[in-house]
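S.K.: What follows is input.tsv, made up of TSV, C-alpha atoms and all ligand atoms:
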chain	number	residue	atom	x	y	z
G	1	MET	CA	-92.47	75.12	-35.94
G	2	ILE	CA	-93.36	74.93	-32.28
G	3	ILE	CA	-96.60	76.40	-31.02
G	4	VAL	CA	-96.36	77.02	-27.30
G	5	MET	CA	-99.84	76.98	-25.81
G	6	ALA	CA	-100.85	79.47	-23.13
G	7	SER	CA	-103.73	77.14	-22.22
G	8	ARG	CA	-103.71	73.39	-21.57
G	9	LYS	CA	-107.49	72.97	-21.93
G	10	PRO	CA	-108.26	70.14	-24.37
G	11	GLU	CA	-110.73	72.27	-26.33
G	12	ASP	CA	-108.17	75.08	-26.76
G	13	VAL	CA	-105.50	72.64	-27.89
G	14	ALA	CA	-107.98	70.93	-30.26
G	15	TYR	CA	-108.86	74.30	-31.80
G	16	VAL	CA	-105.21	75.04	-32.65
G	17	VAL	CA	-104.68	71.47	-33.86
G	18	ASN	CA	-107.60	71.96	-36.28
G	19	ARG	CA	-106.19	75.19	-37.60
G	20	VAL	CA	-102.84	73.48	-38.24
G	21	GLU	CA	-104.56	70.61	-40.07
G	22	GLU	CA	-106.48	73.09	-42.19
G	23	LEU	CA	-103.11	74.33	-43.43
G	24	GLY	CA	-102.36	70.77	-44.58
G	25	LEU	CA	-99.72	70.22	-41.88
G	26	LYS	CA	-99.22	67.51	-39.28
G	27	PRO	CA	-99.51	68.55	-35.60
G	28	HIS	CA	-97.92	66.57	-32.77
G	29	VAL	CA	-99.23	67.51	-29.34
G	30	LEU	CA	-96.60	67.19	-26.61
G	31	GLU	CA	-97.62	67.54	-22.98
G	32	GLY	CA	-94.59	68.90	-21.16
G	33	VAL	CA	-94.32	69.28	-17.41
G	34	GLU	CA	-94.98	73.02	-17.56
G	35	LYS	CA	-96.55	73.68	-20.94
G	36	THR	CA	-98.35	72.00	-23.78
G	37	VAL	CA	-96.62	72.52	-27.10
G	38	ILE	CA	-97.74	71.57	-30.58
G	39	ALA	CA	-94.91	70.65	-32.91
G	40	VAL	CA	-95.85	71.20	-36.52
G	41	ILE	CA	-94.06	69.39	-39.31
G	42	GLY	CA	-94.60	69.33	-43.03
G	43	ASP	CA	-93.70	71.15	-46.20
G	44	GLU	CA	-91.30	73.93	-45.29
G	45	ARG	CA	-92.95	76.42	-47.64
G	46	ILE	CA	-96.38	76.01	-46.01
G	47	LEU	CA	-94.85	76.03	-42.51
G	48	GLN	CA	-94.37	79.78	-42.71
G	49	GLY	CA	-98.16	80.08	-42.50
G	50	VAL	CA	-98.01	78.70	-38.95
G	51	LEU	CA	-96.35	81.90	-37.72
G	52	ALA	CA	-99.67	83.69	-38.16
G	53	LEU	CA	-101.27	81.33	-35.62
G	54	GLU	CA	-99.52	83.32	-32.90
G	55	ALA	CA	-102.52	85.65	-33.11
G	56	LEU	CA	-104.92	82.89	-31.98
G	57	PRO	CA	-106.31	83.00	-28.46
G	58	HIS	CA	-104.58	80.61	-26.02
G	59	VAL	CA	-101.37	80.59	-28.08
G	60	GLU	CA	-98.39	82.01	-26.20
G	61	LYS	CA	-95.90	82.02	-29.05
G	62	VAL	CA	-94.86	80.34	-32.29
G	63	MET	CA	-91.19	79.63	-32.90
G	64	PRO	CA	-89.24	77.97	-35.68
G	65	VAL	CA	-87.24	74.82	-34.77
G	66	LEU	CA	-83.66	75.52	-35.78
G	67	LYS	CA	-82.38	71.94	-36.00
G	68	PRO	CA	-83.20	70.00	-39.17
G	69	TYR	CA	-84.63	67.19	-37.04
G	70	LYS	CA	-87.70	68.57	-35.33
G	71	LEU	CA	-89.58	66.00	-33.24
G	72	ALA	CA	-86.30	64.44	-32.09
G	73	SER	CA	-85.00	67.81	-30.97
G	74	ARG	CA	-84.79	69.20	-27.43
G	75	GLU	CA	-86.13	72.47	-28.81
G	76	VAL	CA	-89.49	70.75	-29.19
G	77	LYS	CA	-89.40	68.59	-26.05
G	78	LYS	CA	-87.29	69.67	-23.10
G	79	GLU	CA	-87.84	66.64	-20.86
G	80	ASP	CA	-85.92	63.41	-21.42
G	81	THR	CA	-87.93	60.67	-23.08
G	82	VAL	CA	-88.26	57.61	-20.86
G	83	ILE	CA	-89.04	54.28	-22.49
G	84	GLN	CA	-90.61	51.64	-20.31
G	85	VAL	CA	-90.54	48.03	-21.56
G	86	GLY	CA	-92.14	45.74	-19.00
G	87	LYS	CA	-90.07	46.30	-15.87
G	88	ALA	CA	-87.13	47.69	-17.84
G	89	ARG	CA	-86.72	51.44	-18.00
G	90	ILE	CA	-84.56	53.30	-20.51
G	91	GLY	CA	-84.00	56.90	-19.48
G	92	PRO	CA	-82.43	59.06	-16.79
G	93	LYS	CA	-81.98	57.76	-13.23
G	94	SER	CA	-81.72	54.13	-14.35
G	95	PHE	CA	-79.09	52.23	-16.34
G	96	CYS	CA	-80.49	49.57	-18.62
G	97	ILE	CA	-78.53	46.41	-19.42
G	98	MET	CA	-79.38	44.62	-22.66
G	99	ALA	CA	-77.41	41.41	-23.03
G	100	GLY	CA	-77.38	38.20	-25.02
G	101	PRO	CA	-75.73	36.55	-28.00
G	102	CYS	CA	-75.11	38.20	-31.33
G	103	ALA	CA	-77.35	35.57	-32.89
G	104	VAL	CA	-79.72	32.94	-31.57
G	105	GLU	CA	-77.98	29.67	-32.49
G	106	SER	CA	-79.84	26.97	-30.59
G	107	ARG	CA	-82.44	26.47	-27.86
G	108	GLU	CA	-79.79	25.53	-25.35
G	109	GLN	CA	-77.59	28.52	-26.20
G	110	ILE	CA	-80.30	31.14	-25.82
G	111	LEU	CA	-81.88	29.60	-22.71
G	112	GLN	CA	-78.53	29.23	-20.96
G	113	THR	CA	-77.50	32.79	-21.82
G	114	ALA	CA	-80.87	34.25	-20.81
G	115	GLU	CA	-80.86	32.44	-17.47
G	116	PHE	CA	-77.36	33.63	-16.70
G	117	VAL	CA	-77.72	37.29	-17.73
G	118	LYS	CA	-81.01	37.51	-15.83
G	119	LYS	CA	-79.35	36.13	-12.71
G	120	CYS	CA	-76.63	38.80	-13.04
G	121	GLY	CA	-79.22	41.59	-13.30
G	122	ALA	CA	-79.71	42.20	-17.05
G	123	HIS	CA	-83.02	43.85	-17.92
G	124	ILE	CA	-83.45	42.98	-21.61
G	125	LEU	CA	-82.44	39.97	-23.70
G	126	ARG	CA	-80.75	40.63	-27.05
G	127	GLY	CA	-80.28	38.11	-29.86
G	128	GLY	CA	-80.50	38.25	-33.62
G	129	ALA	CA	-82.85	35.96	-35.54
G	130	TYR	CA	-82.30	37.77	-38.85
G	131	LYS	CA	-78.63	38.66	-39.17
G	132	PRO	CA	-77.08	41.27	-41.49
G	133	ARG	CA	-73.85	39.53	-42.53
G	134	THR	CA	-71.12	40.88	-44.77
G	135	SER	CA	-70.90	37.56	-46.62
G	136	PRO	CA	-73.95	35.85	-48.11
G	137	TYR	CA	-72.24	32.54	-47.23
G	138	SER	CA	-72.06	33.29	-43.49
G	139	PHE	CA	-74.73	32.12	-41.03
G	140	GLN	CA	-77.79	34.29	-41.70
G	141	GLY	CA	-79.70	33.60	-38.48
G	142	MET	CA	-82.37	31.11	-37.42
G	143	GLU	CA	-85.14	33.43	-38.64
G	144	LEU	CA	-88.65	32.50	-37.44
G	145	GLU	CA	-87.34	29.61	-35.32
G	146	GLY	CA	-84.89	32.06	-33.72
G	147	LEU	CA	-87.77	34.40	-32.84
G	148	ARG	CA	-89.67	31.49	-31.26
G	149	LEU	CA	-86.67	30.52	-29.17
G	150	LEU	CA	-86.17	34.11	-28.06
G	151	LYS	CA	-89.80	34.22	-26.97
G	152	GLU	CA	-89.43	31.01	-25.00
G	153	ALA	CA	-86.36	32.41	-23.21
G	154	SER	CA	-88.10	35.74	-22.67
G	155	GLU	CA	-91.12	34.12	-21.03
G	156	LYS	CA	-89.12	31.66	-18.99
G	157	TYR	CA	-86.76	34.27	-17.54
G	158	ASP	CA	-89.00	37.33	-17.63
G	159	LEU	CA	-86.78	39.36	-19.95
G	160	PRO	CA	-88.16	41.58	-22.73
G	161	ILE	CA	-86.58	41.00	-26.15
G	162	VAL	CA	-84.65	43.29	-28.49
G	163	THR	CA	-84.07	41.82	-31.94
G	164	GLU	CA	-83.44	43.12	-35.45
G	165	ALA	CA	-85.75	43.51	-38.44
G	166	MET	CA	-83.71	43.91	-41.62
G	167	THR	CA	-86.44	44.43	-44.19
G	168	VAL	CA	-89.91	45.95	-44.40
G	169	GLU	CA	-91.29	42.41	-45.01
G	170	GLN	CA	-89.79	41.19	-41.72
G	171	VAL	CA	-91.33	44.00	-39.64
G	172	PRO	CA	-94.74	42.37	-38.90
G	173	VAL	CA	-93.27	39.03	-37.85
G	174	VAL	CA	-90.48	40.59	-35.77
G	175	ALA	CA	-93.03	42.94	-34.17
G	176	ASP	CA	-95.10	39.89	-33.16
G	177	PHE	CA	-92.24	38.57	-31.04
G	178	ALA	CA	-90.06	41.54	-30.08
G	179	ASP	CA	-90.55	44.08	-27.34
G	180	ILE	CA	-87.98	46.40	-28.96
G	181	ILE	CA	-87.15	46.28	-32.67
G	182	GLN	CA	-83.55	46.90	-33.62
G	183	ILE	CA	-82.68	48.79	-36.78
G	184	GLY	CA	-79.11	47.78	-37.54
G	185	ALA	CA	-76.26	50.09	-38.46
G	186	ARG	CA	-76.41	49.02	-42.12
G	187	ASN	CA	-80.07	49.99	-42.28
G	188	MET	CA	-79.91	53.33	-40.48
G	189	GLN	CA	-80.72	55.16	-43.70
G	190	ASN	CA	-83.16	52.61	-45.11
G	191	TYR	CA	-85.98	55.14	-45.18
G	192	GLY	CA	-88.69	52.65	-46.16
G	193	LEU	CA	-87.78	50.50	-43.15
G	194	LEU	CA	-87.68	53.55	-40.86
G	195	ARG	CA	-91.14	54.57	-42.03
G	196	ALA	CA	-92.44	51.02	-41.52
G	197	VAL	CA	-91.28	50.83	-37.88
G	198	GLY	CA	-92.52	54.40	-37.40
G	199	LYS	CA	-96.05	53.07	-37.90
G	200	LEU	CA	-95.72	50.73	-34.90
G	201	ASN	CA	-96.08	51.71	-31.29
G	202	LYS	CA	-93.18	49.58	-30.14
G	203	PRO	CA	-89.83	50.98	-29.05
G	204	ILE	CA	-87.16	51.06	-31.74
G	205	LEU	CA	-83.43	50.70	-31.05
G	206	LEU	CA	-81.83	52.79	-33.77
G	207	LYS	CA	-78.20	51.90	-34.28
G	208	ARG	CA	-75.91	54.55	-35.67
G	209	GLY	CA	-74.68	53.82	-39.17
G	210	MET	CA	-70.98	53.09	-39.18
G	211	MET	CA	-70.40	55.94	-41.65
G	212	SER	CA	-73.10	58.29	-40.43
G	213	THR	CA	-72.81	61.65	-38.75
G	214	ILE	CA	-74.71	62.45	-35.58
G	215	ASN	CA	-76.93	64.74	-37.61
G	216	GLU	CA	-77.80	61.97	-40.10
G	217	TRP	CA	-78.49	59.59	-37.22
G	218	LEU	CA	-80.91	62.05	-35.61
G	219	MET	CA	-82.56	62.63	-39.01
G	220	SER	CA	-83.20	58.88	-39.15
G	221	ALA	CA	-84.82	59.04	-35.71
G	222	GLU	CA	-86.94	61.86	-37.10
G	223	TYR	CA	-88.27	59.55	-39.87
G	224	ILE	CA	-89.54	57.14	-37.21
G	225	ILE	CA	-91.06	59.80	-34.96
G	226	ALA	CA	-92.63	61.67	-37.88
G	227	GLU	CA	-94.62	58.51	-38.71
G	228	GLY	CA	-96.09	58.59	-35.21
G	229	ASN	CA	-93.75	56.43	-33.14
G	230	PRO	CA	-91.95	58.57	-30.52
G	231	ASN	CA	-90.29	55.57	-28.79
G	232	VAL	CA	-86.81	55.73	-30.25
G	233	ILE	CA	-83.67	54.62	-28.40
G	234	MET	CA	-80.44	55.86	-29.97
G	235	CYS	CA	-77.59	53.33	-29.98
G	236	GLU	CA	-73.98	54.40	-30.50
G	237	ARG	CA	-72.16	51.33	-31.85
G	238	GLY	CA	-68.92	52.76	-33.17
G	239	ILE	CA	-67.98	54.34	-36.46
G	240	ARG	CA	-65.37	53.55	-39.09
G	241	THR	CA	-62.08	55.36	-38.68
G	242	PHE	CA	-58.51	54.73	-39.90
G	243	GLU	CA	-57.74	52.77	-36.72
G	244	THR	CA	-57.21	49.06	-37.34
G	245	GLU	CA	-56.74	47.81	-33.77
G	246	THR	CA	-60.48	47.79	-33.29
G	247	ARG	CA	-63.41	46.85	-35.54
G	248	ASN	CA	-64.85	50.37	-35.17
G	249	THR	CA	-64.12	53.36	-32.96
G	250	LEU	CA	-66.53	54.07	-30.13
G	251	ASP	CA	-67.57	57.69	-30.60
G	252	ILE	CA	-68.14	58.31	-26.92
G	253	GLN	CA	-68.61	62.04	-27.52
G	254	ALA	CA	-71.75	61.21	-29.44
G	255	VAL	CA	-73.48	60.33	-26.16
G	256	PRO	CA	-73.44	63.80	-24.55
G	257	ILE	CA	-73.92	65.45	-27.94
G	258	VAL	CA	-77.08	63.50	-28.75
G	259	LYS	CA	-78.37	64.03	-25.22
G	260	LYS	CA	-77.79	67.76	-25.56
G	261	TYR	CA	-79.57	68.13	-28.89
G	262	SER	CA	-82.25	65.49	-28.38
G	263	HIS	CA	-84.56	64.25	-25.63
G	264	LEU	CA	-84.18	60.62	-26.78
G	265	PRO	CA	-82.42	58.02	-24.61
G	266	VAL	CA	-78.97	56.87	-25.72
G	267	VAL	CA	-77.38	53.47	-25.17
G	268	VAL	CA	-73.89	52.29	-26.07
G	269	ASP	CA	-72.92	49.03	-27.76
G	270	PRO	CA	-69.32	48.41	-26.68
G	271	SER	CA	-69.26	45.00	-28.42
G	272	HIS	CA	-69.71	46.20	-32.00
G	273	ALA	CA	-67.86	49.46	-31.28
G	274	SER	CA	-64.65	47.64	-30.41
G	275	GLY	CA	-65.03	44.16	-31.90
G	276	ARG	CA	-62.94	42.93	-28.94
G	277	TRP	CA	-64.25	41.30	-25.78
G	278	ASP	CA	-61.38	42.75	-23.71
G	279	LEU	CA	-62.58	46.30	-24.40
G	280	VAL	CA	-66.20	45.70	-23.44
G	281	ILE	CA	-65.81	46.33	-19.69
G	282	PRO	CA	-63.73	49.53	-20.01
G	283	MET	CA	-65.98	50.92	-22.75
G	284	SER	CA	-69.09	50.12	-20.69
G	285	LYS	CA	-67.56	52.18	-17.89
G	286	ALA	CA	-66.89	54.98	-20.38
G	287	ALA	CA	-70.55	54.83	-21.42
G	288	ILE	CA	-71.67	55.32	-17.82
G	289	ALA	CA	-69.29	58.25	-17.35
G	290	ALA	CA	-70.47	59.85	-20.61
G	291	GLY	CA	-74.10	59.83	-19.48
G	292	ALA	CA	-75.52	56.90	-21.45
G	293	ASP	CA	-78.84	55.39	-20.38
G	294	GLY	CA	-77.67	51.82	-20.87
G	295	ILE	CA	-75.53	49.36	-22.77
G	296	ILE	CA	-76.20	46.51	-25.18
G	297	VAL	CA	-73.62	43.76	-24.84
G	298	GLU	CA	-72.96	40.47	-26.62
G	299	VAL	CA	-72.67	37.46	-24.34
G	300	HIS	CA	-72.16	33.81	-25.40
G	301	PRO	CA	-71.72	30.61	-23.37
G	302	ASN	CA	-68.84	29.62	-25.66
G	303	PRO	CA	-67.56	32.58	-27.70
G	304	ALA	CA	-64.88	30.47	-29.40
G	305	GLU	CA	-67.65	28.52	-31.15
G	306	ALA	CA	-70.06	31.38	-31.79
G	307	LEU	CA	-71.52	31.48	-35.31
G	308	SER	CA	-71.11	35.27	-35.38
G	309	ASP	CA	-69.14	37.91	-33.48
G	310	GLY	CA	-67.35	35.48	-31.16
G	311	ALA	CA	-64.30	37.74	-30.80
G	312	GLN	CA	-66.35	40.49	-29.21
G	313	SER	CA	-68.67	38.31	-27.13
G	314	LEU	CA	-68.23	38.05	-23.37
G	315	LYS	CA	-68.12	34.66	-21.71
G	316	LEU	CA	-70.76	34.22	-19.03
G	317	GLU	CA	-68.31	34.80	-16.19
G	318	THR	CA	-66.92	37.94	-17.85
G	319	PHE	CA	-70.45	39.29	-18.07
G	320	GLU	CA	-70.81	38.68	-14.34
G	321	GLN	CA	-67.56	40.58	-13.81
G	322	LEU	CA	-68.88	43.45	-15.96
G	323	MET	CA	-72.02	43.68	-13.82
G	324	ASN	CA	-70.00	43.67	-10.58
G	325	GLU	CA	-67.56	46.30	-11.82
G	326	ILE	CA	-70.16	48.73	-13.14
G	327	LYS	CA	-72.46	48.58	-10.12
G	328	PRO	CA	-70.58	51.22	-8.05
G	329	LEU	CA	-70.11	53.49	-11.10
G	330	VAL	CA	-73.81	53.50	-11.87
G	331	GLY	CA	-74.43	54.67	-8.29
G	332	ILE	CA	-71.88	57.48	-8.64
G	333	VAL	CA	-73.77	58.96	-11.60
G	334	ASN	CA	-77.03	58.77	-9.59
G	335	ARG	CA	-78.58	55.95	-11.54
G	336	THR	CA	-79.81	52.55	-10.47
G	337	LEU	CA	-79.21	49.20	-12.09
G	401	LIG	C1	-75.87	43.24	-33.98
G	401	LIG	O1	-76.43	43.86	-33.07
G	401	LIG	O2	-75.55	42.04	-33.90
G	401	LIG	C2	-75.49	44.01	-35.20
G	401	LIG	C3	-75.35	43.39	-36.37
G	401	LIG	O3	-75.27	45.31	-34.97
G	401	LIG	P1	-74.86	46.51	-35.95
G	401	LIG	O4	-76.04	46.74	-36.82
G	401	LIG	O5	-74.58	47.64	-35.00
G	401	LIG	O6	-73.63	46.08	-36.70
G	402	MN	MN	-73.24	41.08	-33.51
Translate the structure described by the file into structure tokens.
M.R.:
Amino acid sequence: MIIVMASRKPEDVAYVVNRVEELGLKPHVLEGVEKTVIAVIGDERILQGVLALEALPHVEKVMPVLKPYKLASREVKKEDTVIQVGKARIGPKSFCIMAGPCAVESREQILQTAEFVKKCGAHILRGGAYKPRTSPYSFQGMELEGLRLLKEASEKYDLPIVTEAMTVEQVPVVADFADIIQIGARNMQNYGLLRAVGKLNKPILLKRGMMSTINEWLMSAEYIIAEGNPNVIMCERGIRTFETETRNTLDIQAVPIVKKYSHLPVVVDPSHASGRWDLVIPMSKAAIAAGADGIIVEVHPNPAEALSDGAQSLKLETFEQLMNEIKPLVGIVNRTL
């Protein structure tokens, strides 16, 4: 339910918040540009009781939220959510570039990549320390040492870090090092993990599950927000289809759909969506045209020797080419790099 307040006075809002809590429900106060609204979530049977609160003074109206995701929905919050991470901004008007290797492999590899992507204008450094691999015999990531190396690169080149936590146990250590925590595609419906990162106040990059619908993806965002963390960045990274030319199929339509139904920022991962380095530049351009708020791209100094995802990783000079080619397009859609 959404309670639209007629008054913005703190004492009036607090009064309604109390009444909601008395019903055993959880209020979320959202200060919009024009109005203050209180989104109420909880047991659907008790929620009906909220309708009666329309009679309270200072309440303009009470409306049900039609979408199954509530706090993630535009019905509850009309304005786009903007996520600020250091100097990086993820939201309308800007276009955020997250770049780096699939996995941190060595000190030299991450420092060299970070220096280069920073020089080209990237805003955030990506790199996995804990890697979700299909085979238990593949390289699993450098773990804690990988996080330390990421931090060194982050501090040296002034780039915030996005890196993945795969399990609830990893969340505290990853949160110690990361500026944005990635929830990988394979974990999009790991509800315990979603609840654990929902208790943090760090931004979360929520990758779309490769077999998940847009609705399921937004429901996963709802798990995080419902725990109290509103800083969710949606990441479209391709879904499984019958096509075999590419690793996945970039569902570019998901970008405007999510932006229509939700206030959350959306970024595109053209690397995992295609699995092919030669599609990364055209699909990054498609992301800009579709209205995405940024991209997350794999870059490696020597993709042929990468320990994971070499085939989809850009060489340093191809990343530079990407940045040069997208610059004018970002301007056309009234964003800045
Ligand atoms: C990654 O970012 O390297 C990764 C494993 O992504 P995804 O979860 O989208 O497959
Ligand atoms: Mn990867």
S.K.: Write out, as JSON lines, each residue of chain G that has an atom at most 6 Å from ligand LIG 401 (chain G), together with the closest pair of atoms and their distance in Å to one decimal, counting all atoms listed in the file, rows going by chain and rising number.
M.R.:
{"residue": "G:Cys102", "atom": "CA", "partner": "G:LIG401", "partner_atom": "O2", "distance": 4.6}
{"residue": "G:Pro132", "atom": "CA", "partner": "G:LIG401", "partner_atom": "C3", "distance": 5.8}
{"residue": "G:Gly184", "atom": "CA", "partner": "G:LIG401", "partner_atom": "O4", "distance": 3.3}
{"residue": "G:Ala185", "atom": "CA", "partner": "G:LIG401", "partner_atom": "O4", "distance": 3.7}
{"residue": "G:Arg186", "atom": "CA", "partner": "G:LIG401", "partner_atom": "O4", "distance": 5.8}
{"residue": "G:Lys207", "atom": "CA", "partner": "G:LIG401", "partner_atom": "O5", "distance": 5.6}
{"residue": "G:Arg237", "atom": "CA", "partner": "G:LIG401", "partner_atom": "O5", "distance": 5.4}
{"residue": "G:His272", "atom": "CA", "partner": "G:LIG401", "partner_atom": "O5", "distance": 5.9}
S.K.: Using only C-alpha atoms and all ligand atoms, find the one residue out of G:Ala129, G:Val4, G:Leu206, G:Val267 that sits nearest to ligand MN 402 (chain G).
M.R.: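 When distances to ligand MN 402 (chain G) are compared using only C-alpha atoms and all ligand atoms, the smallest one comes from G:Ala129.
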S.K.: Which neighbours of Asp158 (chain G) fall inside 10 Å, counting all atoms listed in the file, when residues of the same chain fewer than 2 positions from it are skipped, and could you give them as a list of chain:residue names?
M.R.: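 In the requested format, the answer is G:Gly86, G:Lys87, G:Ala114, G:Glu115, G:Lys118, G:His123, G:Ile124, G:Leu125, G:Lys151, G:Glu152, G:Ala153, G:Ser154, G:Glu155, G:Lys156, G:Pro160, G:Ile161.
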S.K.: So, with all atoms listed in the file as the atoms that count, which of G:Gly128, G:Gly42, G:Gly49, G:Pro203 lies closest to ligand MN 402 (chain G)?
M.R.: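 Using all atoms listed in the file, the shortest distance to ligand MN 402 (chain G) belongs to G:Gly128.
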S.K.: For each of G:Val17, G:Met1, G:Ala6, G:Leu23, take the minimum atom-to-atom distance to Val62 (chain G), counting all atoms listed in the file, then give the residue where this is smallest.
M.R.: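 Nearest candidate to Val62 (chain G) out of G:Val17, G:Met1, G:Ala6, G:Leu23: G:Met1.
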S.K.: In Å, rounded to a single decimal, give me how far CA of Pro270 (chain G) is from CA of Gln182 (chain G).
M.R.: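 If I compute the distance from CA of Gln182 (chain G) to CA of Pro270 (chain G), I get 15.9 Å.
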S.K.: Around (-102.9, 69.6, -40.1) in the file's frame, which residues reach within 12 Å when counting all atoms listed in the file? Return as a list in words?
M.R.: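 Within 12 Å of (-102.9, 69.6, -40.1), the protein and nucleic acid residues are Ala14, Tyr15, Val16, Val17, Asn18, Arg19, Val20, Glu21, Glu22, Leu23, Gly24, Leu25, Lys26, Pro27, His28, Val29, Ile38, Ala39, Val40, Ile41, Gly42, Asp43, Ile46, Leu47, Gly49 and Val50 of chain G.
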S.K.: Okay, now the selection with C-alpha atoms, as a compact mmCIF listing (two decimals), in the frame of the given file?
M.R.:
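Final file, part-v6.txt:
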# COMPACT_ATOMS: atom_id res chain seq x y z
CA ALA G 14 -107.98 70.93 -30.26
CA TYR G 15 -108.86 74.30 -31.80
CA VAL G 16 -105.21 75.04 -32.65
CA VAL G 17 -104.68 71.47 -33.86
CA ASN G 18 -107.60 71.96 -36.28
CA ARG G 19 -106.19 75.19 -37.60
CA VAL G 20 -102.84 73.48 -38.24
CA GLU G 21 -104.56 70.61 -40.07
CA GLU G 22 -106.48 73.09 -42.19
CA LEU G 23 -103.11 74.33 -43.43
CA GLY G 24 -102.36 70.77 -44.58
CA LEU G 25 -99.72 70.22 -41.88
CA LYS G 26 -99.22 67.51 -39.28
CA PRO G 27 -99.51 68.55 -35.60
CA HIS G 28 -97.92 66.57 -32.77
CA VAL G 29 -99.23 67.51 -29.34
CA ILE G 38 -97.74 71.57 -30.58
CA ALA G 39 -94.91 70.65 -32.91
CA VAL G 40 -95.85 71.20 -36.52
CA ILE G 41 -94.06 69.39 -39.31
CA GLY G 42 -94.60 69.33 -43.03
CA ASP G 43 -93.70 71.15 -46.20
CA ILE G 46 -96.38 76.01 -46.01
CA LEU G 47 -94.85 76.03 -42.51
CA GLY G 49 -98.16 80.08 -42.50
CA VAL G 50 -98.01 78.70 -38.95
S.K.: Return as a compact mmCIF listing (two decimals) with C-alpha atoms, in the coordinates of the input every polymer residue, whether protein, DNA or RNA, with at least one atom no more than 9 Å from an atom of ligand MN 402 (chain G); count all atoms listed in the file.
M.R.:
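The result, written out as pocket20.txt:
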# COMPACT_ATOMS: atom_id res chain seq x y z
CA PRO G 101 -75.73 36.55 -28.00
CA CYS G 102 -75.11 38.20 -31.33
CA ALA G 103 -77.35 35.57 -32.89
CA GLY G 127 -80.28 38.11 -29.86
CA GLY G 128 -80.50 38.25 -33.62
CA LYS G 131 -78.63 38.66 -39.17
CA PRO G 132 -77.08 41.27 -41.49
CA SER G 271 -69.26 45.00 -28.42
CA HIS G 272 -69.71 46.20 -32.00
CA GLY G 275 -65.03 44.16 -31.90
CA GLU G 298 -72.96 40.47 -26.62
CA SER G 308 -71.11 35.27 -35.38
CA ASP G 309 -69.14 37.91 -33.48
CA GLY G 310 -67.35 35.48 -31.16
CA GLN G 312 -66.35 40.49 -29.21
CA SER G 313 -68.67 38.31 -27.13
S.K.: Residues within 6 Å of (-65.1, 52.7, -30.6), file coordinates, counting all atoms listed in the file: what are they? Give the list as JSON, numbers by chain.
M.R.: {"G": [238, 248, 249, 250, 251, 273, 274]}
S.K.: Report, in Å with one decimal, the straight-line distance from CA of His300 (chain G) to CA of Leu316 (chain G).
M.R.: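 Taking CA of His300 (chain G) as the start and CA of Leu316 (chain G) as the end point, the length is 6.5 Å.
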S.K.: I'd like the interatomic distance between CA of Glu79 (chain G) and CA of Ser220 (chain G), to a tenth of an Å.
M.R.: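 Those two atoms sit 20.4 Å apart.
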S.K.: Identify which of the residues G:Gly121, G:Ala311, G:Glu34, G:Tyr261 lies closest to Asn324 (chain G), counting all atoms listed in the file when measuring atom-to-atom distances.
M.R.: G:Gly121
S.K.: Residues near Lys9 (chain G), anyone? I mean within 12 Å using only C-alpha atoms, not counting same-chain ones fewer than 6 positions away, as a short mmCIF file (atom, residue, chain, number, x, y, z; two decimals) with C-alpha atoms, keeping the file's coordinate frame.
M.R.:
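Saved result, result-v3.cif, follows:
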data_model
loop_
_atom_site.label_atom_id
_atom_site.label_comp_id
_atom_site.auth_asym_id
_atom_site.auth_seq_id
_atom_site.Cartn_x
_atom_site.Cartn_y
_atom_site.Cartn_z
CA TYR G 15 -108.86 74.30 -31.80
CA VAL G 16 -105.21 75.04 -32.65
CA GLU G 31 -97.62 67.54 -22.98
CA LYS G 35 -96.55 73.68 -20.94
CA THR G 36 -98.35 72.00 -23.78
CA HIS G 58 -104.58 80.61 -26.02
CA VAL G 59 -101.37 80.59 -28.08
#
S.K.: Between G:Glu236, G:Asp293, G:Asp176, G:Glu245, which residue has the minimum interatomic distance to Val268 (chain G), considering all atoms listed in the file?
M.R.: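 Under the stated criterion, the closest residue is G:Glu236.
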